[in-house]
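Visitor: This is entry_22.txt, which holds compact mmCIF, C-alpha atoms:
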```txt
# COMPACT_ATOMS: atom_id res chain seq x y z
CA MET A 15 -7.83 11.55 48.55
CA GLY A 16 -6.25 14.73 49.75
CA LEU A 17 -2.58 15.49 50.11
CA ASN A 18 -1.20 18.24 52.26
CA GLU A 19 1.08 20.99 50.99
CA GLN A 20 4.27 19.14 51.91
CA GLN A 21 3.11 16.00 50.16
CA TYR A 22 2.26 17.93 46.99
CA GLU A 23 5.72 19.47 47.15
CA ARG A 24 7.30 16.02 47.34
CA VAL A 25 5.21 14.73 44.42
CA ALA A 26 6.14 17.79 42.34
CA GLN A 27 9.86 17.28 42.99
CA TRP A 28 9.53 13.59 42.33
CA LEU A 29 7.71 14.05 39.01
CA ASP A 30 10.22 16.72 37.88
CA ALA A 31 13.12 14.43 38.72
CA MET A 32 11.44 11.51 37.00
CA GLU A 33 10.96 13.53 33.82
CA VAL A 34 14.62 14.57 33.81
CA SER A 35 15.94 11.08 34.54
CA GLY A 36 13.40 9.29 32.36
CA LYS A 37 12.96 6.67 35.06
CA ASP A 38 9.45 5.46 35.69
CA PHE A 39 8.28 5.72 39.28
CA ALA A 40 11.56 4.64 40.80
CA ALA A 41 13.07 6.02 43.96
CA PHE A 42 15.92 8.47 43.43
CA ILE A 43 18.63 10.04 45.52
CA LYS A 44 18.43 13.72 46.37
CA ASP A 45 20.90 15.53 48.65
CA GLY A 46 22.45 12.17 49.59
CA GLN A 47 19.11 10.70 50.73
CA THR A 48 16.89 8.17 49.05
CA PHE A 49 13.79 9.99 47.96
CA ASP A 50 10.64 7.96 47.58
CA LEU A 51 6.91 8.57 47.78
CA SER A 52 4.30 7.13 50.10
CA PRO A 53 1.66 4.91 48.43
CA GLU A 54 -0.81 7.80 48.62
CA GLU A 55 1.65 10.20 46.98
CA ARG A 56 2.52 7.63 44.37
CA LEU A 57 -1.15 7.29 43.45
CA THR A 58 -1.43 11.03 42.93
CA ALA A 59 1.72 11.07 40.82
CA ARG A 60 0.43 8.19 38.71
CA GLN A 61 -2.97 9.87 38.29
CA ILE A 62 -1.38 13.12 37.08
CA HIS A 63 0.81 11.17 34.72
CA GLN A 64 -2.20 9.35 33.23
CA ASP A 65 -4.34 12.49 32.95
CA GLU A 66 -1.58 14.34 31.16
CA ALA A 67 -1.12 11.38 28.82
CA MET A 68 -4.86 11.48 28.10
CA LEU A 69 -4.49 15.06 26.87
CA GLN A 70 -1.63 14.13 24.54
CA GLY A 71 -2.86 14.86 21.03
CA ALA A 72 -6.32 16.01 22.19
CA LEU A 73 -5.13 19.51 22.98
CA ASP A 74 -2.98 19.91 19.88
CA VAL A 75 -4.34 22.03 17.04
CA GLU A 76 -3.07 22.48 13.53
CA LEU A 77 -1.12 25.64 12.85
CA PRO A 78 -2.78 27.45 9.91
CA ALA A 79 -0.36 28.38 7.12
CA GLN A 80 -1.55 32.00 7.18
CA ALA A 81 -0.67 32.32 10.87
CA LEU A 82 2.85 31.04 10.23
CA GLN A 83 3.23 33.37 7.23
CA ARG A 84 2.08 36.34 9.29
CA ALA A 85 4.57 35.51 12.03
CA ARG A 86 7.36 35.22 9.45
CA ARG A 87 6.46 38.58 7.94
CA ARG A 88 6.45 40.13 11.40
CA ALA A 89 9.92 38.77 12.12
CA ALA A 90 11.25 40.01 8.77
CA ALA A 91 9.73 43.46 9.32
CA GLU A 92 11.16 43.71 12.83
CA LEU A 93 14.60 42.59 11.64
CA ALA A 94 14.55 45.28 8.94
CA ARG A 95 13.56 47.95 11.48
CA PRO A 96 17.05 49.06 12.62
CA ARG A 97 18.11 49.63 8.99
CA ARG A 98 14.98 51.69 8.36
CA ILE A 99 15.62 53.72 11.49
CA VAL A 100 19.21 54.49 10.40
CA LEU A 101 17.97 55.57 6.97
CA ARG A 102 15.25 57.74 8.50
CA VAL A 103 17.66 59.35 10.96
CA GLY A 104 20.16 59.97 8.17
CA PHE A 105 17.50 61.53 5.97
CA ALA A 106 16.17 63.63 8.84
CA ALA A 107 19.69 64.81 9.71
CA ALA A 108 20.41 65.75 6.09
CA ALA A 109 17.09 67.58 5.81
CA ALA A 110 17.68 69.42 9.09
CA THR A 111 21.19 70.42 7.97
CA ALA A 112 19.85 71.73 4.67
CA VAL A 113 17.11 73.73 6.41
CA ALA A 114 19.61 75.11 8.95
CA ALA A 115 21.98 76.12 6.14
CA ALA A 116 19.15 77.85 4.29
CA ILE A 117 18.15 79.74 7.43
CA VAL A 118 21.76 80.81 8.13
CA ILE A 119 22.15 82.05 4.54
CA ALA A 120 18.86 83.90 4.67
CA VAL A 121 19.61 85.51 8.04
CA THR A 122 23.16 86.44 7.00
CA PHE A 123 22.44 87.84 3.56
CA TRP A 124 18.86 89.07 3.67
CA PRO A 125 18.88 92.93 3.78
CA THR A 126 16.26 93.61 6.43
CA ASN A 127 17.46 97.13 7.31
CA PRO A 128 20.27 98.52 5.13
CA SER A 129 21.25 101.25 7.60
CA ALA A 130 21.46 98.77 10.48
CA ALA A 131 23.79 96.37 8.69
CA PRO A 132 26.26 98.34 6.58
CA ALA A 133 28.85 95.54 6.62
CA ASN A 134 26.46 93.25 4.85
CA ASP A 135 25.47 95.70 2.14
CA ALA A 136 27.54 94.17 -0.65
CA ALA A 137 26.59 90.65 0.31
CA GLY A 138 22.98 91.69 0.66
CA GLN A 139 22.95 93.22 -2.79
CA TRP A 140 24.54 90.13 -4.22
CA ALA A 141 21.96 87.91 -2.53
CA SER A 142 19.12 90.11 -3.77
CA GLN A 143 20.44 89.93 -7.31
CA TRP A 144 20.87 86.20 -7.05
CA ILE A 145 17.33 85.69 -5.76
CA ASN A 146 16.01 88.08 -8.39
CA ALA A 147 17.88 86.18 -11.09
CA VAL A 148 16.37 82.92 -9.90
CA GLU A 149 12.86 84.32 -9.64
CA ASN A 150 12.96 86.18 -12.95
CA PRO A 151 14.57 84.49 -15.91
CA PRO A 152 17.40 86.67 -17.27
CA ARG A 153 16.55 89.16 -19.98
CA HIS A 154 19.09 90.93 -22.16
CA ASP A 155 19.22 94.03 -19.95
CA ASP A 156 19.86 91.99 -16.87
CA VAL A 157 22.53 89.98 -18.62
CA ASP A 158 24.18 93.22 -19.66
CA ILE A 159 24.24 94.48 -16.08
CA LEU A 160 25.71 91.20 -14.87
CA ALA A 161 28.28 91.27 -17.69
CA MET A 162 29.24 94.80 -16.73
CA GLN A 163 29.68 93.82 -13.13
CA ALA A 164 31.78 90.84 -14.18
CA GLU A 165 33.96 93.14 -16.27
CA GLU A 166 34.40 95.50 -13.36
CA LEU A 167 35.40 92.59 -11.20
CA LYS A 168 37.91 91.46 -13.83
CA ALA A 169 39.34 94.96 -14.01
CA ASP A 170 39.74 95.11 -10.28
CA MET A 171 41.56 91.80 -10.36
CA VAL A 172 43.83 92.93 -13.17
CA VAL A 173 44.83 95.98 -11.19
CA SER A 174 45.57 93.93 -8.13
CA LEU A 175 47.67 91.31 -10.01
CA PRO A 176 51.43 91.63 -10.67
CA ALA A 177 52.54 92.93 -14.10
CA ALA A 178 53.48 89.59 -15.76
CA ALA A 179 50.29 88.06 -14.60
CA THR A 180 48.39 91.08 -15.97
CA VAL A 181 49.67 90.37 -19.52
CA ASP A 182 48.73 86.71 -19.21
CA TYR A 183 45.33 87.63 -17.90
CA GLN A 184 44.74 90.12 -20.72
CA MET A 185 45.71 87.52 -23.33
CA ASP A 186 43.37 85.02 -21.75
CA SER A 187 40.66 87.61 -21.68
CA ILE A 188 41.09 88.42 -25.38
CA GLN A 189 41.07 84.74 -26.25
CA GLN A 190 37.92 84.22 -24.22
CA SER A 191 36.23 87.19 -25.93
CA LEU A 192 37.12 85.74 -29.32
CA ASP A 193 35.75 82.32 -28.38
CA GLU A 194 32.54 83.84 -27.13
CA PHE A 195 32.25 85.94 -30.29
CA TRP A 196 32.42 82.90 -32.59
CA LEU A 197 30.11 80.90 -30.39
CA ASP A 198 27.52 83.67 -30.09
CA ASP A 199 27.46 84.44 -33.77
CA PRO A 200 28.42 81.34 -35.78
CA ALA A 201 26.84 82.78 -38.94
CA SER A 202 29.63 85.36 -39.15
CA VAL A 203 32.34 82.72 -39.24
CA PRO A 204 33.98 82.98 -42.69
CA ALA A 205 33.50 79.93 -44.85
CA GLY A 206 36.73 77.92 -45.05
CA MET B 9 14.65 18.54 19.44
CA GLU B 10 18.35 17.91 19.04
CA ALA B 11 20.26 20.28 21.31
CA GLN B 12 22.94 21.07 18.76
CA ARG B 13 20.38 21.95 16.08
CA LEU B 14 18.46 24.12 18.52
CA ARG B 15 21.66 25.95 19.52
CA ALA B 16 22.43 26.62 15.85
CA MET B 17 18.93 28.02 15.29
CA ILE B 18 19.19 30.27 18.33
CA ALA B 19 22.67 31.46 17.36
CA SER B 20 21.48 32.27 13.84
CA ALA B 21 18.48 34.19 15.16
CA GLN B 22 20.61 36.02 17.72
CA ALA B 23 22.88 37.09 14.85
CA GLY B 24 19.83 38.77 13.32
CA LYS B 25 19.33 36.27 10.50
CA ALA B 26 15.78 35.75 9.27
CA GLN B 27 16.48 32.05 8.62
CA GLY B 28 17.14 31.54 12.32
CA TYR B 29 13.75 32.94 13.27
CA GLU B 30 12.04 30.98 10.50
CA ALA B 31 13.59 27.76 11.79
CA LEU B 32 12.46 28.54 15.33
CA LEU B 33 8.95 29.31 14.08
CA GLU B 34 8.87 26.06 12.13
CA ALA B 35 9.97 24.14 15.20
CA TYR B 36 7.86 25.81 17.88
CA GLY B 37 5.06 27.48 15.88
CA PRO B 38 2.58 24.59 16.16
CA ARG B 39 3.03 24.23 19.91
CA LEU B 40 2.88 27.97 20.48
CA TYR B 41 -0.21 28.30 18.32
CA GLY B 42 -1.85 25.41 20.16
CA TYR B 43 -1.04 27.01 23.49
CA PHE B 44 -2.46 30.37 22.38
CA PHE B 45 -5.57 28.79 20.90
CA ARG B 46 -6.33 26.71 23.99
CA ALA B 47 -5.65 29.67 26.25
CA THR B 48 -7.94 32.07 24.36
CA GLY B 49 -10.37 29.73 22.60
CA ARG B 50 -10.16 31.74 19.39
CA HIS B 51 -8.12 31.15 16.25
CA ASP B 52 -7.86 34.84 15.38
CA ASP B 53 -6.56 35.60 18.86
CA ALA B 54 -4.08 32.73 18.59
CA GLU B 55 -2.83 34.14 15.29
CA ASP B 56 -2.47 37.62 16.78
CA LEU B 57 -0.62 36.27 19.79
CA LEU B 58 1.76 34.20 17.67
CA SER B 59 2.54 37.34 15.70
CA ASP B 60 3.07 39.33 18.91
CA LEU B 61 5.33 36.62 20.29
CA THR B 62 7.44 36.72 17.13
CA LEU B 63 7.91 40.43 17.61
CA ARG B 64 8.99 39.96 21.22
CA LEU B 65 11.24 37.10 20.22
CA VAL B 66 13.14 39.31 17.79
CA ARG B 67 13.52 41.99 20.45
CA MET B 68 14.34 39.71 23.38
CA LEU B 69 16.29 36.77 21.97
CA LYS B 70 19.59 38.66 22.14
CA ARG B 71 19.23 38.62 25.90
CA TYR B 72 18.56 34.89 26.05
CA ASP B 73 21.28 33.02 27.90
CA ASP B 74 22.00 29.78 26.07
CA ARG B 75 22.88 28.00 29.32
CA GLY B 76 19.21 27.67 30.25
CA ARG B 77 16.51 25.57 28.59
CA PHE B 78 14.98 27.33 25.64
CA GLU B 79 11.41 25.97 25.86
CA PRO B 80 10.68 27.31 29.35
CA TRP B 81 12.12 30.68 28.36
CA LEU B 82 10.01 30.78 25.20
CA PHE B 83 6.83 29.69 26.92
CA ARG B 84 7.42 32.13 29.75
CA VAL B 85 7.33 34.90 27.16
CA ALA B 86 4.22 33.28 25.65
CA ALA B 87 2.55 33.05 29.07
CA ASN B 88 3.18 36.76 29.68
CA ILE B 89 1.58 37.58 26.33
CA VAL B 90 -1.49 35.48 27.17
CA ARG B 91 -1.80 37.15 30.55
CA ASP B 92 -1.60 40.60 28.95
CA ARG B 93 -4.30 39.61 26.49
CA ILE B 94 -6.57 38.18 29.19
CA ARG B 95 -6.09 41.34 31.25
CA ARG B 96 -7.03 43.49 28.26
CA SER B 97 -10.00 41.33 27.30
CA LYS B 98 -11.34 41.60 30.85
CA ALA B 99 -11.24 45.36 30.46
CA ASN B 100 -12.93 45.15 27.00
CA PRO B 101 -14.89 41.88 26.84
CA THR B 102 -16.01 40.59 23.43
CA PRO B 103 -18.50 37.72 23.01
CA ALA B 104 -16.91 34.50 21.79
CA SER B 105 -18.90 31.92 19.87
CA LEU B 106 -17.81 28.33 20.18
CA SER B 107 -20.89 26.74 18.60
CA LEU B 108 -20.76 24.86 15.31
CA GLU B 109 -23.59 26.87 13.76
CA ASP B 110 -23.92 28.99 10.66
CA GLU B 111 -24.85 32.68 10.60
CA SER B 112 -28.64 31.89 10.76
CA GLY B 113 -28.20 29.72 13.85
CA GLN B 114 -28.66 26.38 12.02
CA PRO B 115 -26.24 23.61 13.02
CA LEU B 116 -23.57 23.29 10.35
CA VAL B 117 -24.15 19.54 10.12
CA ASP B 118 -27.72 20.17 8.76
CA ARG B 119 -26.27 21.81 5.69
CA LEU B 120 -24.32 18.75 4.66
CA SER B 121 -25.65 16.22 2.15
CA ASP B 122 -25.67 12.51 3.07
CA ALA B 123 -22.71 11.74 0.89
CA LYS B 124 -20.69 14.52 2.36
CA THR B 125 -21.80 13.68 5.89
CA GLU B 126 -19.96 10.39 5.81
CA ALA B 127 -16.89 11.95 4.28
CA VAL B 128 -16.61 14.64 6.91
CA ALA B 129 -17.89 12.58 9.84
CA GLU B 130 -14.42 12.02 11.19
CA GLY B 131 -13.57 15.67 10.90
CA LEU B 132 -16.77 16.68 12.64
CA LEU B 133 -16.17 14.18 15.40
CA ALA B 134 -12.71 15.57 15.92
CA ALA B 135 -14.10 19.11 15.83
CA GLU B 136 -16.79 18.13 18.33
CA MET B 137 -14.22 16.57 20.62
CA SER B 138 -12.06 19.63 20.30
CA GLU B 139 -15.03 21.86 21.05
CA ARG B 140 -16.00 19.76 24.04
CA LEU B 141 -12.47 19.89 25.32
CA GLU B 142 -12.47 23.64 24.78
CA GLN B 143 -15.67 23.98 26.77
CA ALA B 144 -14.25 21.80 29.52
CA MET B 145 -11.08 23.89 29.58
CA GLU B 146 -13.18 27.04 29.89
CA ARG B 147 -14.77 25.67 33.03
CA LEU B 148 -11.43 25.32 34.73
CA ASP B 149 -9.93 27.89 37.01
CA ALA B 150 -7.89 30.24 34.76
CA THR B 151 -4.65 29.63 36.65
CA ALA B 152 -5.05 25.86 36.62
CA ARG B 153 -5.85 25.96 32.90
CA GLU B 154 -2.74 27.98 32.15
CA MET B 155 -0.59 25.65 34.22
CA ILE B 156 -1.96 22.58 32.44
CA LEU B 157 -1.35 24.21 29.06
CA LEU B 158 2.21 25.14 30.00
CA ARG B 159 2.83 21.56 31.11
CA HIS B 160 1.49 20.22 27.82
CA PHE B 161 2.67 22.72 25.21
CA GLY B 162 5.72 24.13 26.96
CA GLN B 163 6.76 20.77 28.41
CA MET B 164 7.72 22.65 31.53
CA SER B 165 8.52 21.17 34.92
CA PHE B 166 6.48 22.04 37.99
CA LYS B 167 9.44 24.03 39.27
CA GLU B 168 9.64 26.09 36.07
CA ILE B 169 5.90 26.83 36.15
CA ALA B 170 6.21 27.74 39.84
CA GLU B 171 8.81 30.37 38.88
CA ILE B 172 6.34 31.96 36.46
CA PHE B 173 3.50 32.02 38.97
CA GLN B 174 5.82 32.81 41.87
CA CYS B 175 4.51 30.04 44.10
CA PRO B 176 5.90 26.73 45.43
CA PRO B 177 6.02 23.75 42.99
CA GLY B 178 3.65 21.91 45.33
CA THR B 179 1.00 24.56 44.76
CA VAL B 180 1.37 24.18 41.00
CA LEU B 181 1.05 20.44 41.30
CA ALA B 182 -2.05 20.72 43.49
CA LYS B 183 -3.74 23.04 40.98
CA VAL B 184 -2.75 20.89 38.02
CA HIS B 185 -3.93 17.77 39.82
CA ARG B 186 -7.33 19.24 40.62
CA GLY B 187 -7.65 20.80 37.16
CA LEU B 188 -6.83 17.56 35.36
CA GLY B 189 -9.27 15.65 37.56
CA ARG B 190 -12.04 18.11 36.77
CA LEU B 191 -11.18 18.04 33.09
CA ARG B 192 -11.33 14.24 33.06
CA LYS B 193 -14.75 14.26 34.67
CA LEU B 194 -16.04 16.94 32.31
CA MET B 195 -14.81 14.99 29.31
CA GLU B 196 -16.38 11.80 30.63
CA GLY B 197 -19.69 13.65 30.76
CA LYS B 198 -20.23 13.62 34.47
CA TYR B 199 -20.26 17.41 34.55
CA GLY B 200 -20.81 17.92 30.82
CA PRO B 201 -22.42 21.01 29.27
CA GLN B 202 -26.01 21.51 30.45
```
Please express the file's structure as structure tokens.
Guide:
Amino acid sequence: MGLNEQQYERVAQWLDAMEVSGKDFAAFIKDGQTFDLSPEERLTARQIHQDEAMLQGALDVELPAQALQRARRRAAAELARPRRIVLRVGFAAAAATAVAAAIVIAVTFWPTNPSAAPANDAAGQWASQWINAVENPPRHDDVDILAMQAEELKADMVVSLPAAATVDYQMDSIQQSLDEFWLDDPASVPAG
Amino acid sequence: MEAQRLRAMIASAQAGKAQGYEALLEAYGPRLYGYFFRATGRHDDAEDLLSDLTLRLVRMLKRYDDRGRFEPWLFRVAANIVRDRIRRSKANPTPASLSLEDESGQPLVDRLSDAKTEAVAEGLLAAEMSERLEQAMERLDATAREMILLRHFGQMSFKEIAEIFQCPPGTVLAKVHRGLGRLRKLMEGKYGPQ
């Protein structure tokens, strides 16, 4: 039994329509025309139907639990991926910003050639002192130098401030010195 | 499956909810696994392919248009995965063993005691049938085999399969018809394993 291409086409359309309609080997109307198969075509359609029914159940295999679990894990991992990407991008952006900031600070303040960058001298000295202070824990001498520089800075500020503010500032300064004195040397506090 | 329930599952999955994908896997996992196993003949390959399909499902489901039928869409994705795998395995072939033998080459049935033999007889018979079917499937033309599997597991129409293979529905039917006929004869023993 051999059907030609056109006949196979008709059987295919017929079987598709039958599956949709649920009707069993009945003629149906397509494009306003009754659509039916020849006895030969019908035999082929019936044979395919029976062969496919024979495979029902025989082809099926049990899905192992581990395979289902693996697929679930894969879905969960893929669903979590966009969140991970956002976190990674955010972290990378923050790290890049920090590195860029460090580079800018280093380039701006690092005294490579003092004569070539006179405008940056003060800043360069400050940066050097800051780096030195970080690298070497402060000793008394260093603290004294820093304290002296702080005092000089205070003095400069006092000079630049208006008169009334100067008095206030001096009073604050005296009070601060007193506080520091008692805190630095609690043993000298008179017993009350 | 009830259309309303299926729509709810798809909508949940499209919203990025894990429960939606789990429900879809529960519903279609066995059929997909069966399709992958029969297409490759190996359980480990079937497991890999199911996992790969899940990944593609998560990435592609947002683009799925709910107006179409879901099964053909899903099995079209599955068919593409199988084709990719077959293409790769042709480039790097690995020997596949389908025999029911232990590592030393002894038939597994020889290792069973009499008492156990009766208890597992049904299972062995089913395994033997499954193996025989697998061998018969392997003898089919690869395209015909894939079409038959898509008809069975994907419950696809001839027209839908024709869209995948980019050929007329009549050609699909002719291949399926010949493939099923050959399969029937192989299973009946007329052209059984030599």
Visitor: What is the distance between CA of Met9 (chain B) and CA of Thr58 (chain A), in Å to one decimal?
Guide: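 Here the two named atoms are 29.4 Å from each other.
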Visitor: Using all atoms listed in the file, I'd like every residue of chain B that has an atom within 6 Å of chain A; please write them out as JSON, numbers by chain.
Guide: {"B": [38, 42, 55, 59, 62, 165, 177, 178, 181, 185]}
Visitor: Take the residues from that selection and write them out as a PDB file, keeping the file's coordinate frame, keeping C-alpha atoms.
Guide:
```pdb
ATOM      1  CA  PRO B  38       2.580  24.590  16.160  1.00  0.00           C
ATOM      2  CA  GLY B  42      -1.850  25.410  20.160  1.00  0.00           C
ATOM      3  CA  GLU B  55      -2.830  34.140  15.290  1.00  0.00           C
ATOM      4  CA  SER B  59       2.540  37.340  15.700  1.00  0.00           C
ATOM      5  CA  THR B  62       7.440  36.720  17.130  1.00  0.00           C
ATOM      6  CA  SER B 165       8.520  21.170  34.920  1.00  0.00           C
ATOM      7  CA  PRO B 177       6.020  23.750  42.990  1.00  0.00           C
ATOM      8  CA  GLY B 178       3.650  21.910  45.330  1.00  0.00           C
ATOM      9  CA  LEU B 181       1.050  20.440  41.300  1.00  0.00           C
ATOM     10  CA  HIS B 185      -3.930  17.770  39.820  1.00  0.00           C
TER      11      HIS B 185
END
```
Visitor: Neighbours of Met195 (chain B) within 12 Å (all atoms listed in the file; same-chain residues fewer than 2 positions away dropped), as number ranges by chain?
Guide: A: 65, 68-69, 72; B: 136-145, 147, 188-193, 197-201
Visitor: What does the structure give for the distance between CA of Trp81 (chain B) and CA of Asp60 (chain B), in Å to one decimal?
Guide: 15.7 Å
Visitor: At most 10 Å from (15.1, 32.6, 12.9), file frame, all atoms listed in the file: which residues, as a list in words?
Guide: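 Residues close enough to count: Arg86, Ala89 and Ala90 of chain A; Ala16, Met17, Ile18, Ala19, Ser20, Ala21, Gln22, Ala23, Gly24, Lys25, Ala26, Gln27, Gly28, Tyr29, Glu30, Ala31, Leu32, Leu33, Glu34, Thr62, Leu65 and Val66 of chain B.
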Visitor: Which one of B:Ala152, B:Glu146, B:Val180, B:Gln174 sits closest to Leu194 (chain B) if you count all atoms listed in the file?
Guide: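 Checking each of B:Ala152, B:Glu146, B:Val180, B:Gln174 against Leu194 (chain B), counting all atoms listed in the file, the winner is B:Glu146.
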